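Chemist: Next comes entry.cif, mmCIF, C-alpha atoms:
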data_run
#
loop_
_atom_site.label_atom_id
_atom_site.label_comp_id
_atom_site.auth_asym_id
_atom_site.auth_seq_id
_atom_site.Cartn_x
_atom_site.Cartn_y
_atom_site.Cartn_z
CA MET I 781 34.92 24.44 48.70
CA ALA I 782 36.90 27.02 50.64
CA HIS I 783 37.69 28.76 47.36
CA ASP I 784 34.89 29.04 44.93
CA HIS I 785 35.61 32.74 44.70
CA ASP I 786 34.94 34.18 41.29
CA HIS I 787 36.68 37.52 41.71
CA PRO I 788 40.25 38.70 42.16
CA HIS I 789 41.38 38.53 45.78
CA ASN I 790 42.45 42.13 45.96
CA LYS I 791 38.88 43.29 45.42
CA PRO I 792 36.34 42.75 48.21
CA LEU I 793 32.80 41.83 47.22
CA SER I 794 30.53 44.82 46.76
CA ASP I 795 27.44 45.24 48.94
CA THR I 796 25.27 44.23 45.99
CA GLU I 797 27.34 41.08 45.37
CA LEU I 798 27.08 40.18 49.05
CA ARG I 799 23.30 40.60 49.01
CA VAL I 800 22.97 38.44 45.89
CA LYS I 801 25.22 35.72 47.34
CA ALA I 802 23.34 35.79 50.65
CA LEU I 803 20.00 35.47 48.90
CA GLU I 804 21.15 32.66 46.62
CA SER I 805 22.76 30.78 49.50
CA ILE I 806 19.56 30.90 51.60
CA LEU I 807 17.30 29.92 48.70
CA LEU I 808 19.61 27.00 47.86
CA GLU I 809 19.57 25.88 51.48
CA LYS I 810 15.78 25.97 51.52
CA GLU I 811 15.82 24.05 48.22
CA LEU I 812 13.70 26.74 46.57
CA ILE I 813 16.15 27.11 43.68
CA ASP I 814 18.57 24.82 41.90
CA ALA I 815 22.04 26.11 41.02
CA GLU I 816 22.27 24.05 37.83
CA ALA I 817 18.87 25.23 36.66
CA ILE I 818 20.12 28.80 37.07
CA ASP I 819 23.25 27.99 35.05
CA LEU I 820 21.08 26.54 32.30
CA VAL I 821 18.74 29.53 32.17
CA VAL I 822 21.71 31.92 32.02
CA GLU I 823 23.36 29.91 29.24
CA THR I 824 20.12 29.81 27.26
CA TYR I 825 19.80 33.59 27.29
CA GLU I 826 23.50 34.07 26.59
CA THR I 827 23.66 31.74 23.61
CA LYS I 828 20.24 30.74 22.25
CA ILE I 829 17.66 33.47 22.79
CA GLY I 830 18.77 36.74 21.27
CA PRO I 831 18.39 39.16 18.35
CA ARG I 832 19.44 36.49 15.82
CA ASN I 833 15.93 35.08 16.30
CA GLY I 834 14.29 38.38 15.43
CA ALA I 835 16.64 38.78 12.47
CA ARG I 836 15.35 35.50 11.04
CA VAL I 837 11.77 36.76 11.35
CA VAL I 838 12.68 39.99 9.55
CA ALA I 839 14.62 38.22 6.78
CA LYS I 840 11.74 35.84 6.15
CA ALA I 841 9.27 38.74 5.99
CA TRP I 842 11.53 40.48 3.46
CA THR I 843 11.70 37.44 1.20
CA ASP I 844 8.25 35.85 1.60
CA ALA I 845 5.27 38.14 0.99
CA ASP I 846 2.76 35.65 2.40
CA TYR I 847 4.78 35.34 5.58
CA LYS I 848 4.98 39.12 5.87
CA SER I 849 1.18 39.38 5.62
CA ARG I 850 0.77 36.78 8.35
CA LEU I 851 3.36 38.56 10.48
CA LEU I 852 1.60 41.91 10.26
CA GLU I 853 -1.80 40.26 10.77
CA ASN I 854 -0.93 38.02 13.72
CA ALA I 855 2.65 38.45 14.83
CA THR I 856 2.55 36.01 17.73
CA ASP I 857 1.50 33.09 15.52
CA ALA I 858 3.79 34.02 12.62
CA ILE I 859 6.80 34.30 14.93
CA ALA I 860 5.90 30.97 16.53
CA GLU I 861 6.03 29.39 13.04
CA LEU I 862 9.80 29.89 13.24
CA GLY I 863 9.91 28.34 16.69
CA PHE I 864 10.12 31.51 18.77
CA SER I 865 7.56 31.87 21.53
CA GLY I 866 7.15 31.94 25.28
CA VAL I 867 8.03 34.12 28.23
CA GLN I 868 7.76 37.86 27.53
CA GLY I 869 6.61 37.28 23.98
CA GLU I 870 3.15 35.85 24.58
CA ASP I 871 1.44 38.64 22.64
CA MET I 872 3.39 40.35 19.90
CA LEU I 873 2.71 43.17 17.45
CA VAL I 874 5.03 43.82 14.51
CA VAL I 875 5.13 47.41 13.22
CA GLU I 876 6.51 48.03 9.74
CA ASN I 877 8.87 50.81 8.74
CA THR I 878 8.14 52.31 5.33
CA ASP I 879 9.29 55.30 3.29
CA ASP I 880 6.80 57.42 5.26
CA VAL I 881 6.77 55.90 8.75
CA HIS I 882 9.50 54.97 11.22
CA ASN I 883 8.64 53.05 14.39
CA ILE I 884 10.49 53.01 17.72
CA VAL I 885 9.78 50.81 20.74
CA VAL I 886 10.21 51.72 24.41
CA CYS I 887 8.90 50.68 27.81
CA THR I 888 8.60 53.96 29.69
CA LEU I 889 7.52 52.33 32.96
CA CYS I 890 10.08 49.55 33.17
CA SER I 891 11.69 47.15 30.72
CA CYS I 892 9.07 45.24 28.68
CA TYR I 893 10.82 43.78 25.64
CA PRO I 894 10.16 40.82 23.31
CA TRP I 895 12.49 38.21 24.81
CA PRO I 896 11.86 35.32 22.35
CA THR I 897 12.85 37.45 19.34
CA LEU I 898 15.38 39.91 20.81
CA GLY I 899 16.65 38.23 23.98
CA LEU I 900 17.26 40.31 27.10
CA PRO I 901 17.25 44.09 26.60
CA PRO I 902 20.45 46.16 26.58
CA VAL I 903 21.17 48.38 29.58
CA TRP I 904 20.27 51.62 27.78
CA TYR I 905 16.78 50.29 26.95
CA LYS I 906 16.07 49.72 30.65
CA ALA I 907 17.76 52.87 31.94
CA ALA I 908 16.10 56.21 32.69
CA PRO I 909 17.49 58.45 29.91
CA TYR I 910 16.06 56.48 26.95
CA ARG I 911 12.71 55.85 28.65
CA ALA I 912 12.37 59.53 29.57
CA LYS I 913 13.42 61.04 26.26
CA VAL I 914 12.20 58.87 23.42
CA VAL I 915 8.50 59.67 23.89
CA LYS I 916 9.19 63.40 23.92
CA ASP I 917 12.11 63.84 21.53
CA PRO I 918 12.43 60.74 19.35
CA ARG I 919 14.54 62.55 16.76
CA GLY I 920 16.95 63.63 19.48
CA VAL I 921 17.21 60.00 20.57
CA LEU I 922 17.80 58.84 16.99
CA ASP I 923 20.53 61.46 16.73
CA GLU I 924 22.24 59.93 19.78
CA PHE I 925 22.20 56.61 17.90
CA GLY I 926 23.60 58.26 14.77
CA VAL I 927 20.35 57.93 12.82
CA ALA I 928 18.99 60.85 10.76
CA LEU I 929 15.61 60.54 9.03
CA PRO I 930 14.04 62.82 6.42
CA GLU I 931 12.07 65.65 8.02
CA ASP I 932 8.78 64.44 6.60
CA THR I 933 9.09 60.90 7.96
CA GLU I 934 6.41 60.28 10.57
CA ILE I 935 7.86 58.78 13.76
CA ARG I 936 5.65 56.51 15.85
CA VAL I 937 6.79 55.56 19.35
CA TRP I 938 5.22 52.44 20.85
CA ASP I 939 5.15 52.12 24.64
CA SER I 940 5.32 48.41 25.53
CA ASN I 941 3.47 46.89 28.43
CA ALA I 942 3.17 43.60 30.26
CA GLU I 943 0.48 42.38 27.86
CA LEU I 944 1.84 43.46 24.47
CA ARG I 945 5.39 43.54 23.08
CA TYR I 946 6.50 45.16 19.85
CA LEU I 947 9.01 44.26 17.15
CA VAL I 948 9.94 46.72 14.41
CA LEU I 949 10.10 45.33 10.88
CA PRO I 950 12.88 47.53 9.47
CA LYS I 951 13.08 48.65 5.84
CA ARG I 952 15.01 46.32 3.58
CA PRO I 953 17.97 48.32 2.29
CA ASP I 954 18.47 48.97 -1.41
CA GLY I 955 21.05 46.87 -3.18
CA THR I 956 20.15 43.63 -1.40
CA ASP I 957 18.03 42.03 -4.13
CA ASP I 958 20.53 39.26 -4.73
CA MET I 959 20.93 38.30 -1.10
CA SER I 960 19.48 35.10 0.31
CA GLU I 961 17.24 34.96 3.37
CA GLU I 962 20.20 33.74 5.45
CA GLN I 963 22.46 36.52 4.20
CA LEU I 964 19.78 39.08 4.93
CA ALA I 965 19.33 37.77 8.47
CA ASP I 966 23.03 38.46 9.04
CA ILE I 967 22.68 42.19 8.34
CA VAL I 968 19.62 42.78 10.55
CA THR I 969 20.72 44.44 13.79
CA ARG I 970 19.09 44.43 17.20
CA ASP I 971 18.71 48.21 17.18
CA SER I 972 16.94 48.12 13.80
CA MET I 973 14.27 45.91 15.40
CA ILE I 974 13.89 48.32 18.34
CA GLY I 975 13.79 51.26 15.94
CA THR I 976 16.95 53.03 17.11
CA GLY I 977 18.86 51.80 14.07
CA LEU I 978 18.48 51.23 10.34
CA VAL I 979 19.65 48.23 8.35
CA SER I 980 22.41 48.98 5.85
CA ALA I 981 23.48 46.92 2.87
CA PRO I 982 26.85 45.22 3.46
CA MET Z 1256 -0.12 54.74 40.67
CA ASN Z 1257 2.47 57.20 39.42
CA GLY Z 1258 5.96 57.41 40.82
CA ILE Z 1259 9.59 57.68 39.88
CA HIS Z 1260 9.29 54.73 37.47
CA ASP Z 1261 6.87 56.78 35.35
CA LEU Z 1262 9.71 58.37 33.44
CA GLY Z 1263 8.17 59.02 30.03
CA GLY Z 1264 8.68 62.64 28.97
CA MET Z 1265 10.90 63.67 31.87
CA ASP Z 1266 13.60 66.20 30.91
CA GLY Z 1267 17.21 66.44 31.98
CA ILE Z 1268 17.89 62.79 32.80
CA GLY Z 1269 21.09 62.76 30.76
CA PRO Z 1270 22.55 61.02 27.71
CA ILE Z 1271 21.63 57.48 26.66
CA ASN Z 1272 25.19 56.28 26.06
CA PRO Z 1273 24.49 53.00 24.25
CA GLU Z 1274 27.30 50.49 24.76
CA GLN Z 1275 28.83 48.91 21.65
CA ASN Z 1276 28.92 45.09 21.53
CA GLU Z 1277 27.26 44.90 24.90
CA PRO Z 1278 27.40 41.50 26.64
CA VAL Z 1279 24.12 39.91 27.79
CA PHE Z 1280 25.31 40.18 31.40
CA HIS Z 1281 27.96 42.54 32.76
CA ASP Z 1282 28.85 40.67 35.92
CA ASP Z 1283 28.48 37.25 37.47
CA TRP Z 1284 26.04 38.50 40.09
CA GLU Z 1285 23.71 39.71 37.33
CA LYS Z 1286 23.56 36.16 35.98
CA ARG Z 1287 22.70 34.74 39.40
CA MET Z 1288 20.08 37.47 39.86
CA PHE Z 1289 18.47 36.70 36.52
CA GLY Z 1290 18.42 32.97 37.26
CA MET Z 1291 16.94 33.48 40.72
CA PHE Z 1292 14.20 35.67 39.28
CA ILE Z 1293 13.25 32.98 36.74
CA SER Z 1294 13.46 30.15 39.31
CA CYS Z 1295 11.37 31.91 41.96
CA PHE Z 1296 8.87 33.00 39.33
CA ALA Z 1297 8.60 29.41 38.08
CA GLY Z 1298 8.22 28.33 41.72
CA GLY Z 1299 5.10 30.47 41.96
CA HIS Z 1300 6.38 32.88 44.61
CA TYR Z 1301 5.06 35.95 42.74
CA ASN Z 1302 3.68 37.06 39.42
CA VAL Z 1303 5.29 39.59 37.09
CA ASP Z 1304 2.97 42.41 38.16
CA GLU Z 1305 3.85 41.93 41.83
CA PHE Z 1306 7.50 41.85 40.88
CA ARG Z 1307 7.31 45.12 38.98
CA HIS Z 1308 5.22 46.73 41.71
CA ALA Z 1309 7.90 45.88 44.28
CA ILE Z 1310 10.42 47.69 42.04
CA GLU Z 1311 8.08 50.68 41.85
CA ARG Z 1312 7.93 50.77 45.66
CA MET Z 1313 11.70 51.37 45.89
CA ASP Z 1314 12.88 54.63 47.42
CA PRO Z 1315 12.80 57.07 44.44
CA ALA Z 1316 16.36 58.30 44.85
CA HIS Z 1317 17.64 54.74 45.22
CA TYR Z 1318 15.61 53.73 42.14
CA LEU Z 1319 17.38 56.31 39.97
CA ASP Z 1320 20.77 55.56 41.45
CA THR Z 1321 20.82 51.79 40.91
CA SER Z 1322 21.11 49.47 37.93
CA TYR Z 1323 18.43 47.26 36.47
CA TYR Z 1324 19.46 44.04 38.18
CA GLU Z 1325 19.79 45.90 41.49
CA HIS Z 1326 16.11 46.75 41.04
CA TRP Z 1327 15.46 43.04 40.62
CA LEU Z 1328 17.47 42.25 43.74
CA SER Z 1329 15.49 44.79 45.74
CA SER Z 1330 12.19 43.43 44.42
CA LEU Z 1331 13.08 39.81 45.14
CA GLU Z 1332 14.22 40.63 48.69
CA THR Z 1333 11.06 42.65 49.30
CA LEU Z 1334 8.64 40.02 48.00
CA LEU Z 1335 10.29 36.99 49.60
CA THR Z 1336 10.48 38.68 53.01
CA GLU Z 1337 6.92 40.06 52.78
CA LYS Z 1338 5.63 36.62 51.88
CA GLY Z 1339 7.55 35.02 54.74
CA VAL Z 1340 9.69 32.80 52.47
CA ILE Z 1341 12.83 34.26 54.08
CA THR Z 1342 13.46 36.83 56.81
CA GLN Z 1343 15.51 40.01 56.80
CA GLU Z 1344 17.50 38.60 59.74
CA GLU Z 1345 18.48 35.55 57.70
CA LEU Z 1346 19.63 37.80 54.87
CA ASP Z 1347 21.61 40.10 57.16
CA GLU Z 1348 23.33 37.24 58.98
CA ARG Z 1349 24.21 35.37 55.80
CA LYS Z 1350 25.58 38.54 54.24
CA LYS Z 1351 27.79 39.15 57.28
CA HIS Z 1352 29.00 35.55 57.18
CA ILE Z 1353 29.88 35.69 53.46
CA ALA Z 1354 31.68 39.02 53.93
CA MET Z 1355 33.78 37.51 56.72
CA GLU Z 1356 34.70 34.49 54.60
CA ASP Z 1357 35.60 36.78 51.72
CA ALA Z 1358 37.92 38.94 53.81
#
Once more with this new file: its structure as structure tokens, please.

Modeler:
Amino acid sequence: MAHDHDHPHNKPLSDTELRVKALESILLEKELIDAEAIDLVVETYETKIGPRNGARVVAKAWTDADYKSRLLENATDAIAELGFSGVQGEDMLVVENTDDVHNIVVCTLCSCYPWPTLGLPPVWYKAAPYRAKVVKDPRGVLDEFGVALPEDTEIRVWDSNAELRYLVLPKRPDGTDDMSEEQLADIVTRDSMIGTGLVSAP
Amino acid sequence: MNGIHDLGGMDGIGPINPEQNEPVFHDDWEKRMFGMFISCFAGGHYNVDEFRHAIERMDPAHYLDTSYYEHWLSSLETLLTEKGVITQEELDERKKHIAMEDA
């Protein structure tokens, strides 16, 4: 095992990499963590738990009025109907975009995000600029994402916390009446469920 | 308690710069960091509030200057040493050893 290096040899490990490797090596030695369990958790969040889950929730709400009512009434249970539940999604609230209202989600204090439906948050969601600006200048933030809304649209910004996580139900775009639930799920983007994007017809 | 983490409404922090087609993790060490967080949490070494509080106790300048998973690293080191699960000396020595092997 002299060479389980995972980086090119001309580049020394950074201080952060060294600290992470030191920590992992000590925790492994003390048998407090299991390397394979870590691999599995990483793979799960890379391949299974991500915004495709949330897109299925949205597509079902667009095509099944009863489901949409349940989703807006009790999001946690309605989302669990599709098999999505657990860590960082224990209590969910779905907020609906309409012709008059546009919703945006943030966690100003840290990085709260609905993992079971959207996976792990993108870097910008967790970084200072978005957290600082979106509560004060949401239209400026939307502009940075290339989204322009009519002047009379009310914008509601929801600040997530450890107890409650939000998912935006975006507006179904015009011209998608003939699309199936599966086809609709394919056009729902991560950003549209955070509120920094809109869904467009293909 | 307020602090540097309480960023809502602060001006002049800079552009958001969203990355297109962003990967779930940007580097191998981020994956290990994420896995260690989940494993140690499952092992009952801290709860999520303690974990976040340890991030909020970071030096404010360092907080703004480091990435998300570096915050996690800092928090995990802080909590595990405070709780006596590991010592700072162990961490320092192991880091030195790994750096020597890497050279």

Chemist: With a distance cut-off of 9 Å and all atoms listed in the file, select the neighbouring residues of I:Lys916, excluding the residue or stretch itself and same-chain residues fewer than 3 positions from it, and output the selection as a count of residues only.

Modeler: 8

Chemist: Kindly give the distance, in Å, that separates atom CA of Z:Tyr1301 and atom CA of Z:Tyr1323, rounded to a single decimal.

Modeler: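 About the pair atom CA of Z:Tyr1301 and atom CA of Z:Tyr1323: they are 18.6 Å apart.
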
Chemist: Taking into account all atoms listed in the file, which residue in the set Z:Glu1332, Z:Glu1325, Z:Asp1283, Z:Glu1356 is nearest to Z:Cys1295?

Modeler: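 The answer is Z:Glu1332, which sits nearest to Z:Cys1295.
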
Chemist: Residues of chain I within 7 Å of chain Z, counting only C-alpha atoms - could you list those as a list in words?

Modeler: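 Taken together, these residues fit the definition: Pro792, Glu797, Leu798, Arg799, Val800, Ala802, Leu803, Ile813, Ile818, Val821, Val822, Glu826, Thr888, Leu889, Cys890, Leu900, Trp904, Lys906, Ala908, Pro909, Tyr910, Arg911, Ala912, Lys913, Val915 and Lys916 of chain I.
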
Chemist: Near I:Leu898, within 8 Å and counting all atoms listed in the file, which residues show up once chain neighbours fewer than 2 positions away are dropped, as a PyMOL selection string?

Modeler: chain I and resi 829-834+893-896+900-901+970

Chemist: In Å, how far is it from atom CA of Z:Pro1315 to atom CA of Z:Glu1337?

Modeler: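 A separation of 19.8 Å between them.
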
Chemist: Kindly give the distance, in Å, that separates atom CA of Z:Ala1316 and atom CA of I:Gln868, rounded to a single decimal.

Modeler: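 Between atom CA of Z:Ala1316 and atom CA of I:Gln868 the gap is 28.1 Å.
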
Chemist: I need the output of the PyMOL selection byres ((chain I and resi 947-955) around 10) for this file as a ChimeraX atom specification; which residues are they?

Modeler: /I:834-835,837-839,841-843,848,851-852,855,872-879,882-885,893-894,897-898,938,945-946,956-959,964,967-982

Chemist: Would you save the residues from that selection as a PDB file, keeping the file's coordinate frame, using C-alpha atoms?

Modeler:
ATOM      1  CA  GLY I 834      14.290  38.380  15.430  1.00  0.00           C
ATOM      2  CA  ALA I 835      16.640  38.780  12.470  1.00  0.00           C
ATOM      3  CA  VAL I 837      11.770  36.760  11.350  1.00  0.00           C
ATOM      4  CA  VAL I 838      12.680  39.990   9.550  1.00  0.00           C
ATOM      5  CA  ALA I 839      14.620  38.220   6.780  1.00  0.00           C
ATOM      6  CA  ALA I 841       9.270  38.740   5.990  1.00  0.00           C
ATOM      7  CA  TRP I 842      11.530  40.480   3.460  1.00  0.00           C
ATOM      8  CA  THR I 843      11.700  37.440   1.200  1.00  0.00           C
ATOM      9  CA  LYS I 848       4.980  39.120   5.870  1.00  0.00           C
ATOM     10  CA  LEU I 851       3.360  38.560  10.480  1.00  0.00           C
ATOM     11  CA  LEU I 852       1.600  41.910  10.260  1.00  0.00           C
ATOM     12  CA  ALA I 855       2.650  38.450  14.830  1.00  0.00           C
ATOM     13  CA  MET I 872       3.390  40.350  19.900  1.00  0.00           C
ATOM     14  CA  LEU I 873       2.710  43.170  17.450  1.00  0.00           C
ATOM     15  CA  VAL I 874       5.030  43.820  14.510  1.00  0.00           C
ATOM     16  CA  VAL I 875       5.130  47.410  13.220  1.00  0.00           C
ATOM     17  CA  GLU I 876       6.510  48.030   9.740  1.00  0.00           C
ATOM     18  CA  ASN I 877       8.870  50.810   8.740  1.00  0.00           C
ATOM     19  CA  THR I 878       8.140  52.310   5.330  1.00  0.00           C
ATOM     20  CA  ASP I 879       9.290  55.300   3.290  1.00  0.00           C
ATOM     21  CA  HIS I 882       9.500  54.970  11.220  1.00  0.00           C
ATOM     22  CA  ASN I 883       8.640  53.050  14.390  1.00  0.00           C
ATOM     23  CA  ILE I 884      10.490  53.010  17.720  1.00  0.00           C
ATOM     24  CA  VAL I 885       9.780  50.810  20.740  1.00  0.00           C
ATOM     25  CA  TYR I 893      10.820  43.780  25.640  1.00  0.00           C
ATOM     26  CA  PRO I 894      10.160  40.820  23.310  1.00  0.00           C
ATOM     27  CA  THR I 897      12.850  37.450  19.340  1.00  0.00           C
ATOM     28  CA  LEU I 898      15.380  39.910  20.810  1.00  0.00           C
ATOM     29  CA  TRP I 938       5.220  52.440  20.850  1.00  0.00           C
ATOM     30  CA  ARG I 945       5.390  43.540  23.080  1.00  0.00           C
ATOM     31  CA  TYR I 946       6.500  45.160  19.850  1.00  0.00           C
ATOM     32  CA  THR I 956      20.150  43.630  -1.400  1.00  0.00           C
ATOM     33  CA  ASP I 957      18.030  42.030  -4.130  1.00  0.00           C
ATOM     34  CA  ASP I 958      20.530  39.260  -4.730  1.00  0.00           C
ATOM     35  CA  MET I 959      20.930  38.300  -1.100  1.00  0.00           C
ATOM     36  CA  LEU I 964      19.780  39.080   4.930  1.00  0.00           C
ATOM     37  CA  ILE I 967      22.680  42.190   8.340  1.00  0.00           C
ATOM     38  CA  VAL I 968      19.620  42.780  10.550  1.00  0.00           C
ATOM     39  CA  THR I 969      20.720  44.440  13.790  1.00  0.00           C
ATOM     40  CA  ARG I 970      19.090  44.430  17.200  1.00  0.00           C
ATOM     41  CA  ASP I 971      18.710  48.210  17.180  1.00  0.00           C
ATOM     42  CA  SER I 972      16.940  48.120  13.800  1.00  0.00           C
ATOM     43  CA  MET I 973      14.270  45.910  15.400  1.00  0.00           C
ATOM     44  CA  ILE I 974      13.890  48.320  18.340  1.00  0.00           C
ATOM     45  CA  GLY I 975      13.790  51.260  15.940  1.00  0.00           C
ATOM     46  CA  THR I 976      16.950  53.030  17.110  1.00  0.00           C
ATOM     47  CA  GLY I 977      18.860  51.800  14.070  1.00  0.00           C
ATOM     48  CA  LEU I 978      18.480  51.230  10.340  1.00  0.00           C
ATOM     49  CA  VAL I 979      19.650  48.230   8.350  1.00  0.00           C
ATOM     50  CA  SER I 980      22.410  48.980   5.850  1.00  0.00           C
ATOM     51  CA  ALA I 981      23.480  46.920   2.870  1.00  0.00           C
ATOM     52  CA  PRO I 982      26.850  45.220   3.460  1.00  0.00           C
TER      53      PRO I 982
END

Chemist: Report the centre and edge lengths, in Å to one decimal, of an axis-aligned box enclosing every atom of stretch 1342-1350 of chain Z listed in the file, padded by 4 Å on each side, as lines of an AutoDock Vina configuration file.

Modeler:
center_x = 19.5
center_y = 37.7
center_z = 57.0
size_x = 20.1
size_y = 12.7
size_z = 13.5

Chemist: So which one's closest to Z:Ser1330, Z:Met1256, Z:Gln1275, Z:Asp1314, Z:Met1355? Using only C-alpha atoms, please.

Modeler: Z:Asp1314

Chemist: Suppose a student applies the PyMOL selection byres ((chain I and resi 939) around 6) to this structure; what residues should they get, written as a PyMOL selection string?

Modeler: chain I and resi 886-887+938+940
